[in-house]
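The structure under discussion appears below in the form of structure tokens.
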Amino acid sequence: MEELPEIAAAAVPAGTRLLDVREADEWSAGHIPGARHIPMYEVPARLAELDPTERVVVVCKVGGRSAAVTEFLRRHGLDAVNLAGGMVAWQAAGREMVSEVGARPVVR
């Protein structure tokens, strides 16, 4: 079986397409600016919303759910890469985050 491609939070270039697969409350508490939010359980039904010509970095809290979604997307022909360590690693790398609740963004 092919090894799942991953990228470190510090190595994600600006302008990268990001897909956040966490739950709505996690997203609201803190997410990456410009990321697209499709909860993990909705990805199969919303697959057509993703552009098959663009690489997408898949994000969750620590990398488990995003790894499963990355594998699913790759099986369906998309160029998907898992964000190693998820939002926890993103925050630890000092990367930008925003919140939907008007408070300081946090990883939940």
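Each chain of the structure tokens is named A, B, ... in the order shown, its residues numbered from 1; ligands are numbered from 1 in display order.
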
For Ala67 in chain A, please output as a tab-separated table (two decimals) with C-alpha atoms, in the first residue's frame all residues within 8 Å (counting only C-alpha atoms; exclusion window: fewer than 5 positions along the same chain).
chain	number	residue	atom	x	y	z
A	4	LEU	CA	-0.01	8.57	2.68
A	58	VAL	CA	-6.64	18.05	4.58
A	82	ASN	CA	-2.56	15.19	5.10

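Checking A:Pro52, A:Pro105, A:Gly64, A:Pro44 one by one against Glu6 in chain A, counting only C-alpha atoms, you find the shortest gap at A:Gly64.
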
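Distance-wise, CA of Arg75 in chain A and CA of Val12 in chain A end up 22.6 Å apart.
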
- [ ] Excluding range 24-38 of chain A and any residue of its chain fewer than 3 positions from it, enumerate the residues within 7 Å of it, using only C-alpha atoms, and give them as JSON, numbers by chain.
- [x] {"A": [17, 18, 19, 20, 21, 42, 43, 96, 97, 98, 99, 100, 101, 105, 106, 107, 108]}

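The residues of range 40-92 of chain A that DSSP classifies as strand (DSSP E), using the backbone of this structure, are Val56, Val57, Val58, Val59, Ala80, Val81, Asn82 and Leu83 of chain A.
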
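Here CA of Glu3 in chain A is placed at a distance of 14.2 Å from CA of Val69 in chain A.
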
- [ ] Determine the nearest neighbour of Val57 in chain A from the options A:Val88, A:Leu73, A:Ala9, A:Ala80, counting only C-alpha atoms.
- [x] A:Ala80

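With distances restricted to only C-alpha atoms, A:Met40 is the closest residue to Phe72 in chain A from A:Met40, A:Ala8, A:Ala103, A:Ala92.
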
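Taking CA of Ser66 in chain A and CA of Pro5 in chain A as endpoints, the distance between them is 11.4 Å.
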
Task: All alpha helix (DSSP H) residues (DSSP, backbone) inside chain A, as a ChimeraX atom specification - done: /A:24-29,64-75,86-92

Take the residues that were just selected and, keeping N, CA and C atoms, output them as a compact mmCIF listing (two decimals), in the first residue's frame.
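Result went into out-v3.txt, see below:
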# COMPACT_ATOMS: atom_id res chain seq x y z
N ALA A 24 -18.33 21.29 13.47
CA ALA A 24 -18.66 22.71 13.43
C ALA A 24 -18.15 23.47 14.66
N ASP A 25 -18.24 22.88 15.84
CA ASP A 25 -17.78 23.59 17.04
C ASP A 25 -16.26 23.75 17.05
N GLU A 26 -15.56 22.77 16.51
CA GLU A 26 -14.10 22.86 16.42
C GLU A 26 -13.71 23.97 15.44
N TRP A 27 -14.39 24.00 14.30
CA TRP A 27 -14.15 25.02 13.27
C TRP A 27 -14.40 26.41 13.84
N SER A 28 -15.52 26.59 14.52
CA SER A 28 -15.88 27.90 15.06
C SER A 28 -14.86 28.41 16.06
N ALA A 29 -14.31 27.51 16.86
CA ALA A 29 -13.35 27.90 17.90
C ALA A 29 -12.04 28.41 17.31
N GLY A 64 -5.61 12.39 12.52
CA GLY A 64 -6.24 11.08 12.30
C GLY A 64 -7.40 11.12 11.33
N ARG A 65 -8.35 12.00 11.60
CA ARG A 65 -9.51 12.11 10.69
C ARG A 65 -9.06 12.60 9.32
N SER A 66 -8.15 13.55 9.31
CA SER A 66 -7.70 14.07 8.02
C SER A 66 -6.95 13.01 7.23
N ALA A 67 -6.24 12.11 7.90
CA ALA A 67 -5.56 11.01 7.19
C ALA A 67 -6.59 10.12 6.51
N ALA A 68 -7.68 9.81 7.20
CA ALA A 68 -8.73 8.97 6.62
C ALA A 68 -9.37 9.67 5.41
N VAL A 69 -9.62 10.97 5.53
CA VAL A 69 -10.22 11.72 4.42
C VAL A 69 -9.22 11.84 3.27
N THR A 70 -7.95 12.07 3.59
CA THR A 70 -6.91 12.13 2.55
C THR A 70 -6.89 10.84 1.75
N GLU A 71 -6.92 9.72 2.43
CA GLU A 71 -6.92 8.42 1.76
C GLU A 71 -8.16 8.28 0.87
N PHE A 72 -9.33 8.66 1.39
CA PHE A 72 -10.58 8.60 0.62
C PHE A 72 -10.47 9.46 -0.64
N LEU A 73 -10.00 10.69 -0.49
CA LEU A 73 -9.90 11.60 -1.63
C LEU A 73 -8.93 11.07 -2.68
N ARG A 74 -7.82 10.52 -2.24
CA ARG A 74 -6.84 9.97 -3.18
C ARG A 74 -7.43 8.78 -3.94
N ARG A 75 -8.21 7.95 -3.26
CA ARG A 75 -8.87 6.82 -3.94
C ARG A 75 -9.84 7.31 -5.00
N GLY A 86 -2.06 18.01 12.37
CA GLY A 86 -3.31 18.77 12.35
C GLY A 86 -3.20 20.20 12.89
N MET A 87 -4.32 20.68 13.41
CA MET A 87 -4.40 22.04 13.94
C MET A 87 -3.50 22.24 15.15
N VAL A 88 -3.26 21.17 15.90
CA VAL A 88 -2.35 21.28 17.04
C VAL A 88 -0.96 21.68 16.55
N ALA A 89 -0.49 21.03 15.49
CA ALA A 89 0.81 21.35 14.91
C ALA A 89 0.80 22.73 14.26
N TRP A 90 -0.31 23.07 13.62
CA TRP A 90 -0.44 24.39 12.96
C TRP A 90 -0.28 25.49 14.01
N GLN A 91 -0.98 25.36 15.12
CA GLN A 91 -0.91 26.36 16.19
C GLN A 91 0.50 26.39 16.80
N ALA A 92 1.08 25.22 17.02
CA ALA A 92 2.43 25.14 17.60
C ALA A 92 3.47 25.79 16.69

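Closest approach to Arg22 in chain A among A:Gly63, A:Gly77, A:Gly85, A:Gly102 is made by A:Gly63 (distances from only C-alpha atoms).
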